[in-house]
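Q: Handing you a structure now.
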Amino acid sequence: MSASVHARGVRKSYGLVEVLHGIDLEVAAGEVVCLLGPSGSGKSTFLRCVNHLESINGGELEVAGELVGYRRDGDKLRELTDRETAATRSRIGMVFQHFHLFPHLTALGNIMEAPVRVLKRPKQDVRRDAMALLDRVGLADRCDAYPSQLSGGQQQRIAIARALAMSPQLMLFDEPTSALDPELVGDVLDVMRGLAKDGMTMLVVTHEIGFAREVADRVVFMDAGLVVESGPPRQVLDEPREARTKEFLAKVL
Amino acid sequence: MVTLDPRPPEAAPKPPTVVPVRHWGRATAAVVVLALLGLLVAGLIVNKNIDEHTVRQYFFSRLILHGVLVTIELAVISQAVGIVLGIVLAVMRQSKNPALSGTSWLYIWFFRGTPLLVQLVFWAYFGSVYAHLTLGIPFTHLHLAQVGTNTLLTNTVAAYVGLSLNEGAYMAEIVRGGLLAVDEGQTEAALSLGMRRGLLLRRIVLPQAVRVIIPPTGNEFISMLKNTSLVAFIGGKDLFTNTQTIYSNNLKVIPLLVVASLWYLVITSVLTVGQYYLERRFARGATRTLPPTPIQRLRALLVPRRMVTT
């Protein structure tokens, strides 16, 4: 059910500027990995490469043992068609810093849209599952609300439910609590904690050191487009080996 | 510790009366404007050249009513075709393929850059450019069908073609503006859910773009309604053509122009109301509370103390 992620020497450039200089990262099925690092270190870019929102310029990226965005054909890599890339993405959930809920649809509509239109599942079944998901994120009573009528924390929980409605094998979180008021962060982290407990593979870009310490199986510290160090949270957060990690933690803790 | 106020509530100090500030400049301007408006209306009523009798006589005449119908038909169908054309051109314009985006750019450049009147007359005389229109396989002599251009492109058809193609160019830019107004994050969210480009455009981007597209499209439709009068140059049988036909017979030019103007105003007013409700419909999700309908606003004006909720 849960998928693993293998990244080997992943490079990404915008024009002449290379922002990822060869990222190596392994996430086992069911593992929760938190990506930490200063802004501009390439953690969000890497996350967006994992579901091919950005295409990579070098190296290899596999999810559940399959290349992302490409197909191996002898010694060639063939770019996947739109249809094939879409199919890959439908198995990978993504949660954004600014939620990106569809403002013209209700909470329920947001969750039902992709399962009905992409997976072509019957509406009745999808509605039942969507209500169960809303219940799981504690917002069943707000199913008919439009995003503009919900608080940031509620919107982010709807966004998580929307991603979960596709029954993903892997969840990507791009600073899911960075845009939230401090008192709303807890509810969103609770939902993520529950997901981790259920064995979902999660790759989380975050500044919540407390969450990383408590939930992550492994913490990866990135800086300037490279992985600086990685390991269990206790080791990386409490006894960092690298000077840059120490420097960063001194600033945020 | 709690102390109680020994005074009875009646003895509480009376709230002061609020004296609003007087806007003398504003009041004077209002009096001047109203006086000028009164003079204008009085002048129109007194003037015999307007000839109210003739206006009444022709307002519901058969020829005028038929013209109104043709004008509405022309405007609605040409606008509808223009919108569809505009969406196609706008999507083409955003394509990464330079052949598609370039063609769209060229189309807009040409049809926006030449006068509508010239385009209409051109389509009416298209037969003198190409005498026959042939359906067949290019670069061969195989013909499936062939018609004389003038049989196919009658003046009525030329009017529809001219208005639609011209409108397409303007709508393309309006639709493009609407598509650009939708946040990039919406596209990313939809892609991350496994949606493909077509579905994404239809279900996520266009419904949100519509909100931005409606107001300028309303404007375009009203322009279109009035631009239909240009088909008088190619014998279009619309409201203005028929008005001209009548006044060239009875020479009552001004009264008949008043008739035509009043009809254009009536149709425009109906369109304005329609646009308001359409905008309200597509505002769902974008604003927390919808703006009141005119009827609700009227009720609020008549019953000022009650809160009117939508």
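Here's how to read the names in the structure tokens: chain A, B, ... by the order shown, residue numbers from 1 in each chain, ligand numbers from 1 in the order shown.
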Give me the residues near Thr85 in chain A as a PyMOL selection string, where near means some atom within 8 Å (using only C-alpha atoms) and where sequence neighbours in that chain fewer than 3 positions away do not count.

A: (chain A and resi 52+68-69+80-82+88-89) or (chain B and resi 194)

Q: Can you write just those residues out, N, CA, C and O atoms, as a PDB file, in the first residue's frame?

A:
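The result, stored in part31.pdb:
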ATOM      1  N   HIS A  52       6.765  15.167  -9.919  1.00  0.00           N
ATOM      2  CA  HIS A  52       6.995  15.643 -11.279  1.00  0.00           C
ATOM      3  C   HIS A  52       6.297  16.964 -11.585  1.00  0.00           C
ATOM      4  O   HIS A  52       5.992  17.273 -12.735  1.00  0.00           O
ATOM      5  N   VAL A  68       9.871   8.377 -11.903  1.00  0.00           N
ATOM      6  CA  VAL A  68       8.882   9.449 -11.969  1.00  0.00           C
ATOM      7  C   VAL A  68       9.112  10.258 -13.242  1.00  0.00           C
ATOM      8  O   VAL A  68      10.197  10.774 -13.468  1.00  0.00           O
ATOM      9  N   GLY A  69       8.090  10.332 -14.096  1.00  0.00           N
ATOM     10  CA  GLY A  69       8.168  11.174 -15.292  1.00  0.00           C
ATOM     11  C   GLY A  69       8.851  10.511 -16.479  1.00  0.00           C
ATOM     12  O   GLY A  69       8.819  11.053 -17.576  1.00  0.00           O
ATOM     13  N   LEU A  80       7.445  10.402 -20.115  1.00  0.00           N
ATOM     14  CA  LEU A  80       6.093   9.860 -20.088  1.00  0.00           C
ATOM     15  C   LEU A  80       5.118  10.863 -20.713  1.00  0.00           C
ATOM     16  O   LEU A  80       5.352  12.063 -20.716  1.00  0.00           O
ATOM     17  N   THR A  81       4.014  10.334 -21.263  1.00  0.00           N
ATOM     18  CA  THR A  81       2.977  11.209 -21.802  1.00  0.00           C
ATOM     19  C   THR A  81       2.224  11.858 -20.636  1.00  0.00           C
ATOM     20  O   THR A  81       2.350  11.441 -19.486  1.00  0.00           O
ATOM     21  N   ASP A  82       1.441  12.890 -20.958  1.00  0.00           N
ATOM     22  CA  ASP A  82       0.619  13.563 -19.952  1.00  0.00           C
ATOM     23  C   ASP A  82      -0.233  12.570 -19.173  1.00  0.00           C
ATOM     24  O   ASP A  82      -0.367  12.656 -17.958  1.00  0.00           O
ATOM     25  N   THR A  88       0.669   8.628 -12.485  1.00  0.00           N
ATOM     26  CA  THR A  88       1.653   8.569 -11.403  1.00  0.00           C
ATOM     27  C   THR A  88       1.270   9.541 -10.291  1.00  0.00           C
ATOM     28  O   THR A  88       1.261   9.189  -9.107  1.00  0.00           O
ATOM     29  N   ARG A  89       0.931  10.772 -10.683  1.00  0.00           N
ATOM     30  CA  ARG A  89       0.612  11.798  -9.697  1.00  0.00           C
ATOM     31  C   ARG A  89      -0.617  11.436  -8.870  1.00  0.00           C
ATOM     32  O   ARG A  89      -0.714  11.800  -7.702  1.00  0.00           O
TER      33      ARG A  89
ATOM     34  N   GLY B 194      -3.712  14.377 -10.100  1.00  0.00           N
ATOM     35  CA  GLY B 194      -3.748  13.479 -11.253  1.00  0.00           C
ATOM     36  C   GLY B 194      -4.641  13.961 -12.377  1.00  0.00           C
ATOM     37  O   GLY B 194      -4.970  13.199 -13.272  1.00  0.00           O
TER      38      GLY B 194
END

Q: Counting only C-alpha atoms, a student should be able to say which residues of chain B come within 12 Å of chain A; what is the right answer, written as a count of residues only?

A: 38

Q: Write out as a ChimeraX atom specification the set of residues from range 43-81 of chain A that DSSP, computed on the backbone, places in alpha helix (DSSP H).

A: /A:43-50

Q: Measuring between only C-alpha atoms, which one of A:Leu108, A:Leu16, A:Leu249, A:Leu61 shows the shortest distance to Val236 in chain A?

A: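 Between A:Leu108, A:Leu16, A:Leu249, A:Leu61, the residue approaching Val236 in chain A most closely is A:Leu249.
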
Q: Mind giving me the straight-line distance from CA of Arg244 in chain A to CA of Val220 in chain A in Å, one decimal?

A: 12.7 Å

Q: List the neighbours of Gln275 in chain B out to 9 Å using only C-alpha atoms; skip same-chain residues closer than 4 positions along the sequence, and give me the result as a ChimeraX atom specification.

A: /B:214-215,218,270-271,279-280

Q: Let's have the selection written as a compact mmCIF listing (two decimals), in the first residue's frame, with C-alpha atoms.

A:
# COMPACT_ATOMS: atom_id res chain seq x y z
CA ILE B 214 -18.03 38.24 -17.19
CA PRO B 215 -17.81 42.03 -16.61
CA GLY B 218 -21.00 42.17 -20.67
CA VAL B 270 -32.28 44.08 -19.93
CA LEU B 271 -28.72 42.88 -20.59
CA GLU B 279 -21.98 37.90 -11.79
CA ARG B 280 -23.77 37.12 -8.55

Q: If I take CA of Glu26 in chain A and CA of Gly186 in chain A, how far is one from the other in Å, to one decimal?

A: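 About the pair CA of Glu26 in chain A and CA of Gly186 in chain A: they are 28.1 Å apart.
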